[in-house]
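Engineer: CSV, C-alpha atoms, saved as input.csv, coming up:
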chain,number,residue,atom,x,y,z
A,775,MET,CA,-52.5,-8.9,23.7
A,776,LYS,CA,-51.2,-11.6,21.3
A,777,PHE,CA,-49.2,-10.8,18.2
A,778,ASP,CA,-50.6,-12.2,14.9
A,779,ILE,CA,-48.5,-13.5,12.1
A,780,LYS,CA,-48.4,-10.2,10.3
A,781,ILE,CA,-46.9,-8.4,13.3
A,782,LEU,CA,-44.3,-11.1,13.7
A,783,TYR,CA,-43.4,-10.8,10.1
A,784,PHE,CA,-43.0,-7.1,10.4
A,785,LEU,CA,-40.8,-7.5,13.5
A,786,ILE,CA,-38.5,-10.0,11.7
A,787,VAL,CA,-38.2,-7.7,8.6
A,788,SER,CA,-37.4,-4.7,10.8
A,789,VAL,CA,-34.6,-6.6,12.7
A,790,VAL,CA,-33.0,-7.7,9.4
A,791,ILE,CA,-33.1,-4.2,7.9
A,792,THR,CA,-31.6,-2.6,10.9
A,793,SER,CA,-28.8,-5.2,11.0
A,794,CYS,CA,-27.7,-4.8,7.4
A,795,ALA,CA,-24.9,-2.5,6.3
A,796,SER,CA,-25.5,0.0,3.5
A,797,LYS,CA,-23.8,-1.0,0.2
A,798,LYS,CA,-22.4,2.5,-0.1
A,799,ASP,CA,-20.2,1.6,2.9
A,800,VAL,CA,-18.9,-1.6,1.4
A,801,ILE,CA,-18.6,-1.4,-2.4
A,802,TYR,CA,-15.4,-0.1,-3.9
A,803,LEU,CA,-15.1,2.5,-6.7
A,804,GLN,CA,-18.8,3.2,-6.8
A,805,ASN,CA,-18.5,6.2,-9.2
A,806,VAL,CA,-15.9,4.7,-11.5
A,807,ASP,CA,-18.1,4.9,-14.5
A,808,GLY,CA,-18.4,8.7,-14.2
A,809,LEU,CA,-14.7,9.2,-13.6
A,810,ALA,CA,-13.0,11.5,-16.1
A,811,LYS,CA,-10.7,9.5,-18.4
A,812,THR,CA,-7.0,10.3,-18.1
A,813,ASP,CA,-4.0,9.4,-20.2
A,814,ASN,CA,-1.9,6.4,-19.2
A,815,PHE,CA,1.2,7.4,-17.4
A,816,SER,CA,4.3,5.5,-16.2
A,817,TYR,CA,4.8,5.7,-12.5
A,818,GLU,CA,8.2,5.3,-10.9
A,819,PRO,CA,9.1,5.5,-7.3
A,820,ARG,CA,11.8,7.9,-6.2
A,821,ILE,CA,15.0,6.8,-4.5
A,822,GLN,CA,15.0,7.7,-0.8
A,823,LYS,CA,17.6,7.8,2.0
A,824,ASP,CA,18.2,4.3,3.5
A,825,ASP,CA,17.2,2.6,0.3
A,826,LEU,CA,19.3,-0.4,-0.6
A,827,LEU,CA,20.2,-0.5,-4.3
A,828,SER,CA,21.5,-3.1,-6.7
A,829,ILE,CA,23.6,-1.5,-9.5
A,830,ILE,CA,25.1,-3.6,-12.3
A,831,VAL,CA,27.2,-2.0,-15.1
A,832,SER,CA,27.6,-3.6,-18.5
A,833,GLY,CA,29.2,-2.6,-21.7
A,834,LYS,CA,30.7,-3.6,-25.0
A,835,GLN,CA,34.0,-4.4,-23.3
A,836,PRO,CA,33.1,-6.6,-20.3
A,837,GLU,CA,36.6,-6.4,-18.8
A,838,ALA,CA,36.2,-2.7,-18.5
A,839,THR,CA,33.1,-3.0,-16.3
A,840,VAL,CA,34.8,-5.2,-13.7
A,841,PRO,CA,35.9,-2.2,-11.4
A,842,PHE,CA,32.2,-1.0,-11.3
A,843,ASN,CA,30.8,-4.4,-10.3
A,844,MET,CA,32.5,-5.0,-7.1
A,845,PRO,CA,31.7,-8.3,-5.3
A,846,ALA,CA,30.1,-8.3,-1.9
A,847,ILE,CA,32.7,-8.4,0.8
A,848,GLN,CA,30.5,-10.1,3.3
A,849,GLY,CA,27.7,-12.4,2.3
A,850,ASN,CA,25.6,-12.4,-0.9
A,851,TYR,CA,22.4,-10.6,-1.7
A,852,GLN,CA,20.2,-12.7,-4.0
A,853,ILE,CA,18.1,-11.2,-6.7
A,854,ASN,CA,15.3,-13.4,-8.1
A,855,GLU,CA,17.4,-16.4,-7.0
A,856,ASN,CA,19.7,-16.3,-10.0
A,857,GLN,CA,22.0,-13.4,-9.5
A,858,ASP,CA,24.1,-13.0,-6.3
A,859,GLY,CA,27.4,-11.8,-5.0
A,860,ILE,CA,27.1,-8.2,-6.4
A,861,LYS,CA,27.8,-5.4,-4.0
A,862,THR,CA,24.7,-3.4,-2.9
A,863,TYR,CA,24.6,0.3,-2.1
A,864,LEU,CA,22.9,2.0,0.8
A,865,VAL,CA,21.7,5.5,0.2
A,866,ASN,CA,23.2,7.4,3.2
A,867,ILE,CA,21.8,10.2,5.3
A,868,ASN,CA,23.0,12.7,2.8
A,869,GLY,CA,21.2,10.9,-0.1
A,870,GLU,CA,24.4,9.6,-1.6
A,871,ILE,CA,26.0,6.3,-2.5
A,872,ASP,CA,29.7,5.6,-2.7
A,873,PHE,CA,30.2,4.1,-6.2
A,874,PRO,CA,33.4,2.4,-7.3
A,875,VAL,CA,35.8,4.6,-9.3
A,876,ILE,CA,33.4,7.5,-9.4
A,877,GLY,CA,33.0,8.1,-5.7
A,878,LYS,CA,30.0,9.8,-4.1
A,879,ILE,CA,26.9,10.3,-6.2
A,880,LYS,CA,23.7,11.8,-4.9
A,881,LEU,CA,20.6,9.8,-5.9
A,882,ASP,CA,18.1,10.8,-3.3
A,883,GLY,CA,14.9,12.2,-4.9
A,884,LEU,CA,15.6,10.8,-8.4
A,885,THR,CA,13.4,8.3,-10.2
A,886,ARG,CA,14.9,5.0,-11.3
A,887,THR,CA,15.2,6.3,-14.9
A,888,GLU,CA,16.8,9.5,-13.7
A,889,ALA,CA,19.3,7.7,-11.6
A,890,VAL,CA,20.2,5.3,-14.4
A,891,LYS,CA,20.8,8.2,-16.8
A,892,LEU,CA,23.0,9.9,-14.2
A,893,LEU,CA,25.1,6.8,-13.6
A,894,GLU,CA,25.5,6.0,-17.3
A,895,GLN,CA,26.7,9.6,-17.8
A,896,LYS,CA,29.3,9.2,-15.1
A,897,VAL,CA,30.4,5.8,-16.2
A,898,SER,CA,30.7,6.8,-19.8
A,899,GLU,CA,33.8,8.7,-19.0
A,900,TYR,CA,35.5,5.3,-18.5
A,901,ILE,CA,33.4,2.9,-20.6
A,902,ILE,CA,32.1,3.1,-24.2
A,903,GLU,CA,28.3,3.0,-24.3
A,904,PRO,CA,27.7,1.7,-20.8
A,905,SER,CA,24.4,0.2,-19.7
A,906,VAL,CA,23.3,0.4,-16.0
A,907,ASN,CA,20.7,-1.9,-14.4
A,908,LEU,CA,19.4,-0.4,-11.1
A,909,ARG,CA,16.9,-1.9,-8.7
A,910,ILE,CA,15.5,-0.9,-5.3
A,911,LEU,CA,15.9,-4.0,-3.2
A,912,ASN,CA,14.1,-2.9,0.0
A,913,PHE,CA,10.8,-1.7,-1.6
A,914,LYS,CA,8.2,-2.8,1.0
A,915,PHE,CA,4.9,-1.7,2.6
A,916,SER,CA,2.9,-2.5,5.7
A,917,VAL,CA,-0.9,-3.0,6.1
A,918,LEU,CA,-2.4,-2.9,9.6
A,919,GLY,CA,-5.9,-2.9,11.1
A,920,GLU,CA,-9.1,-4.4,9.7
A,921,VAL,CA,-7.6,-6.6,7.0
A,922,ASN,CA,-7.5,-10.4,6.9
A,923,LYS,CA,-3.7,-10.7,6.7
A,924,PRO,CA,-2.0,-7.7,8.3
A,925,GLY,CA,1.8,-7.6,7.9
A,926,THR,CA,4.8,-6.2,5.9
A,927,TYR,CA,5.1,-7.2,2.2
A,928,LYS,CA,8.0,-6.9,-0.2
A,929,VAL,CA,7.4,-5.6,-3.7
A,930,ASN,CA,9.5,-7.1,-6.5
A,931,SER,CA,8.3,-4.9,-9.3
A,932,GLU,CA,8.9,-1.5,-7.6
A,933,ARG,CA,5.4,-0.5,-8.4
A,934,ILE,CA,2.2,-1.3,-6.6
A,935,THR,CA,-1.2,0.3,-6.2
A,936,LEU,CA,-3.1,0.8,-2.9
A,937,LEU,CA,-5.8,-1.7,-4.1
A,938,GLU,CA,-3.1,-4.3,-4.9
A,939,ALA,CA,-1.6,-3.8,-1.5
A,940,LEU,CA,-4.9,-4.4,0.2
A,941,SER,CA,-5.4,-7.5,-2.0
A,942,GLN,CA,-2.1,-8.9,-0.8
A,943,ALA,CA,-3.2,-8.3,2.8
A,944,GLY,CA,-6.3,-10.5,2.1
A,945,ASP,CA,-8.7,-7.5,1.5
A,946,LEU,CA,-10.6,-5.6,4.2
A,947,THR,CA,-12.7,-7.4,6.7
A,948,ILE,CA,-16.4,-6.5,6.8
A,949,TYR,CA,-15.6,-4.3,9.8
A,950,GLY,CA,-13.0,-2.1,8.0
A,951,LYS,CA,-13.9,1.5,7.2
A,952,ARG,CA,-13.5,1.7,3.4
A,953,ASN,CA,-14.1,5.5,3.3
A,954,ASN,CA,-11.4,6.5,5.8
A,955,ILE,CA,-8.1,4.5,5.1
A,956,LEU,CA,-5.1,6.2,6.6
A,957,LEU,CA,-1.9,6.2,4.4
A,958,ILE,CA,1.3,7.1,6.3
A,959,ARG,CA,4.4,7.9,4.2
A,960,GLU,CA,7.7,9.7,4.7
A,961,ILE,CA,9.0,12.1,2.1
A,962,ASN,CA,12.3,14.0,2.6
A,963,GLY,CA,12.3,13.0,6.2
A,964,LYS,CA,8.8,14.3,7.0
A,965,LYS,CA,5.8,12.2,7.8
A,966,GLU,CA,2.6,12.7,5.7
A,967,TYR,CA,-0.8,11.5,6.7
A,968,ASN,CA,-3.4,11.1,4.0
A,969,ARG,CA,-7.0,9.8,4.2
A,970,VAL,CA,-8.3,7.7,1.3
A,971,ASP,CA,-11.9,6.8,0.4
A,972,ILE,CA,-11.8,3.6,-1.7
A,973,THR,CA,-15.5,3.6,-2.1
A,974,LYS,CA,-15.0,6.6,-4.5
A,975,ALA,CA,-12.9,6.2,-7.6
A,976,ASP,CA,-11.4,9.7,-7.5
A,977,PHE,CA,-8.3,8.6,-5.6
A,978,ILE,CA,-7.2,6.7,-8.7
A,979,ASN,CA,-5.9,10.0,-10.1
A,980,SER,CA,-4.3,11.1,-6.9
A,981,PRO,CA,-0.7,10.6,-5.5
A,982,ASN,CA,-2.2,8.1,-3.1
A,983,TYR,CA,-3.0,5.5,-5.8
A,984,TYR,CA,0.5,4.2,-6.0
A,985,LEU,CA,2.5,3.3,-2.9
A,986,ILE,CA,6.1,4.3,-2.3
A,987,GLN,CA,8.8,2.6,-0.2
A,988,ASN,CA,7.9,1.9,3.4
A,989,ASP,CA,4.3,3.2,3.2
A,990,VAL,CA,2.0,2.2,6.0
A,991,VAL,CA,-1.7,1.5,5.3
A,992,LEU,CA,-3.9,1.6,8.3
A,993,VAL,CA,-7.5,0.4,7.9
A,994,GLN,CA,-9.6,1.7,10.8
A,995,PRO,CA,-12.5,-0.3,12.4
A,996,ASN,CA,-16.1,0.8,11.9
A,997,ASN,CA,-18.5,1.4,14.8
A,998,THR,CA,-19.7,-2.1,14.8
A,999,ARG,CA,-16.2,-3.4,15.5
A,1000,ILE,CA,-15.5,-0.8,18.1
A,1001,ASN,CA,-18.8,-1.6,20.0
A,1002,SER,CA,-18.2,-5.4,19.7
A,1003,SER,CA,-14.7,-5.1,21.2
A,1004,ILE,CA,-16.5,-4.1,24.5
A,1005,ILE,CA,-19.5,-6.5,24.6
A,1006,GLY,CA,-19.0,-8.9,21.7
A,1007,PRO,CA,-20.2,-8.7,18.1
A,1008,ASN,CA,-23.4,-10.8,18.5
A,1009,ILE,CA,-24.6,-9.0,21.6
A,1010,THR,CA,-24.5,-5.7,19.8
A,1011,ILE,CA,-27.0,-6.9,17.2
A,1012,THR,CA,-29.1,-8.7,19.8
A,1013,LEU,CA,-29.4,-5.6,22.0
A,1014,SER,CA,-30.4,-3.5,19.0
A,1015,ALA,CA,-33.0,-6.1,18.0
A,1016,LEU,CA,-34.4,-6.4,21.5
A,1017,SER,CA,-34.6,-2.6,21.8
A,1018,LEU,CA,-36.6,-2.4,18.6
A,1019,LEU,CA,-38.9,-5.2,19.6
A,1020,THR,CA,-39.5,-3.7,23.0
A,1021,THR,CA,-40.4,-0.3,21.5
A,1022,ILE,CA,-42.8,-1.8,19.0
A,1023,ALA,CA,-44.4,-4.0,21.6
A,1024,ILE,CA,-45.0,-0.9,23.9
A,1025,ILE,CA,-46.6,0.9,21.0
A,1026,LEU,CA,-48.8,-2.0,20.0
A,1027,THR,CA,-50.0,-2.6,23.6
A,1028,ARG,CA,-51.1,0.9,24.3
Could you write out this file's structure as structure tokens?
Structural biologist:
Amino acid sequence: MKFDIKILYFLIVSVVITSCASKKDVIYLQNVDGLAKTDNFSYEPRIQKDDLLSIIVSGKQPEATVPFNMPAIQGNYQINENQDGIKTYLVNINGEIDFPVIGKIKLDGLTRTEAVKLLEQKVSEYIIEPSVNLRILNFKFSVLGEVNKPGTYKVNSERITLLEALSQAGDLTIYGKRNNILLIREINGKKEYNRVDITKADFINSPNYYLIQNDVVLVQPNNTRINSSIIGPNITITLSALSLLTTIAIILTR
């Protein structure tokens, strides 16, 4: 039996349809128009153990601030390439730093604003109207899996969203599962594992929207990638097409 042109057209269309991915698996924030509006809020990361901090004290009497701005003993840590030589502070296992003159201060768990307020309160016992500039120097995150540029990235602004992090990693490949991204983070010494579906906009209002220090974002492969790792990406589609053509041919020749 010979196939006519209509049958051939039907077969081609069938193969194309079966090889196409559904847009619901690819498009981000599909329900964003129906998402409830929320008030703008200011997000700040919280200081954690092992964080490296830059703390600079200033005041109306510059000479009085010198004891609080101790120079680095070994090496210089550059900040934005225009400020170096200031001692940095490592938050120890107890969540404390050893600050000049004042001694040990616990900063673990505080936001940047809260830590600045606490330091200014302590320093005000020695300086009139002090001002404290505090930065987290080791704010970084890692992106692994089905992205175009996996790796570890530093954050200069101390604030970054999950979508911005994925953008820095070159976005997901077409094989990345957008509805099941794994976010690994450590809070108070305990690991947390959260699943995020970026095809739905709901996560924008969740704690997973903004990353915190040392977060790991793992983009898992979809079934096409998993199958192709065994027999190759093109063979998977070819076998599916041949299977469909064989089935149709058997039906038509009966």
Engineer: Report the distance between CA of Ile948 (chain A) and CA of Leu936 (chain A) in Å, rounded to one decimal place.
Structural biologist: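 Result for CA of Ile948 (chain A) versus CA of Leu936 (chain A): 18.0 Å, one decimal.
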Engineer: To one decimal place in Å, what is the distance between CA of Arg952 (chain A) and CA of Lys928 (chain A)?
Structural biologist: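 Between CA of Arg952 (chain A) and CA of Lys928 (chain A) the gap works out to 23.4 Å.
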Engineer: List every protein, DNA or RNA residue with an atom no more than 12 Å from (26.0, -6.3, -22.3) in the file's coordinates, counting all atoms listed in the file, and format the result as a list in words.
Structural biologist: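 Checking each residue against the 12 Å limit leaves Ile830, Val831, Ser832, Gly833, Lys834, Gln835, Pro836, Glu837, Ala838, Thr839, Ile901, Ile902, Glu903, Pro904, Ser905, Val906 and Asn907 of chain A.
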Engineer: Starting from the point (-14.7, 7.5, -2.4), work out which residues of protein, DNA or RNA have an atom no more than 10 Å away when counting all atoms listed in the file; state them as a compact mmCIF listing (two decimals) with C-alpha atoms, in the frame of the given file.
Structural biologist:
# COMPACT_ATOMS: atom_id res chain seq x y z
CA LYS A 798 -22.40 2.50 -0.10
CA ASP A 799 -20.20 1.60 2.90
CA ILE A 801 -18.60 -1.40 -2.40
CA TYR A 802 -15.40 -0.10 -3.90
CA LEU A 803 -15.10 2.50 -6.70
CA GLN A 804 -18.80 3.20 -6.80
CA ASN A 805 -18.50 6.20 -9.20
CA VAL A 806 -15.90 4.70 -11.50
CA ARG A 952 -13.50 1.70 3.40
CA ASN A 953 -14.10 5.50 3.30
CA ASN A 954 -11.40 6.50 5.80
CA VAL A 970 -8.30 7.70 1.30
CA ASP A 971 -11.90 6.80 0.40
CA ILE A 972 -11.80 3.60 -1.70
CA THR A 973 -15.50 3.60 -2.10
CA LYS A 974 -15.00 6.60 -4.50
CA ALA A 975 -12.90 6.20 -7.60
CA ASP A 976 -11.40 9.70 -7.50
CA PHE A 977 -8.30 8.60 -5.60
CA ILE A 978 -7.20 6.70 -8.70
Engineer: What is the CA of Tyr927 (chain A) to CA of Leu908 (chain A) distance in Å?
Structural biologist: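 Atom-to-atom, CA of Tyr927 (chain A) and CA of Leu908 (chain A) are spaced 20.7 Å apart.
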Engineer: Would you please work out which residue, of A:Glu960, A:Glu966, A:Glu932, A:Glu920, is nearest to Asp945 (chain A) when using all atoms listed in the file?
Structural biologist: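 Comparing A:Glu960, A:Glu966, A:Glu932, A:Glu920 against Asp945 (chain A), the winner is A:Glu920.
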Engineer: Calculated over all atoms listed in the file, which of the candidates A:Asn866, A:Asn912, A:Val990, A:Ser898 has the smallest distance to Gly925 (chain A)?
Structural biologist: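 Using all atoms listed in the file, the shortest distance to Gly925 (chain A) belongs to A:Val990.
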Engineer: Pick out the residues sitting within 7 Å of Tyr984 (chain A), and hand them over as JSON, numbers by chain; count only C-alpha atoms, and ignore anything fewer than 2 positions along from it in its own chain.
Structural biologist: {"A": [934, 935, 936, 981, 982, 986]}
Engineer: Using all atoms listed in the file, pick whichever of A:Arg820, A:Arg933, A:Arg886, A:Lys891 has the shortest atom-to-atom distance to Phe915 (chain A).
Structural biologist: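 Smallest separation from Phe915 (chain A) among the options: A:Arg933.
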Engineer: Under the rule that all atoms listed in the file are counted, which of A:Gln994, A:Asn843, A:Ser941, A:Ser1017 is the nearest residue to Pro874 (chain A)?
Structural biologist: A:Asn843
Engineer: Could you tell me which of A:Ile958, A:Leu946, A:Val865, A:Ile1025 comes closest to Val993 (chain A) if we count all atoms listed in the file?
Structural biologist: A:Leu946
Engineer: So which residues touch Ile876 (chain A) within 8 Å, counting only C-alpha atoms, skipping near sequence neighbours fewer than 4 positions away, as a list of chain:residue names?
Structural biologist: A:Asp872, A:Lys896, A:Val897
Engineer: Find the residue from A:Ala889, A:Val917, A:Val929, A:Ile910 that sits nearest to Asp989 (chain A); use only C-alpha atoms when measuring.
Structural biologist: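 Under the stated criterion, the closest residue is A:Val917.
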Engineer: What's around Gly963 (chain A) at 10 Å? Count all atoms listed in the file, leave out sequence neighbours fewer than 2 positions away in its own chain, and write the answer as a PyMOL selection string.
Structural biologist: chain A and resi 822-823+867+959-961+965-966
Engineer: As a ChimeraX atom specification, please: the residues near Ile821 (chain A) (cut-off 6 Å, only C-alpha atoms, same-chain neighbours under 6 positions excluded).
Structural biologist: /A:882-884
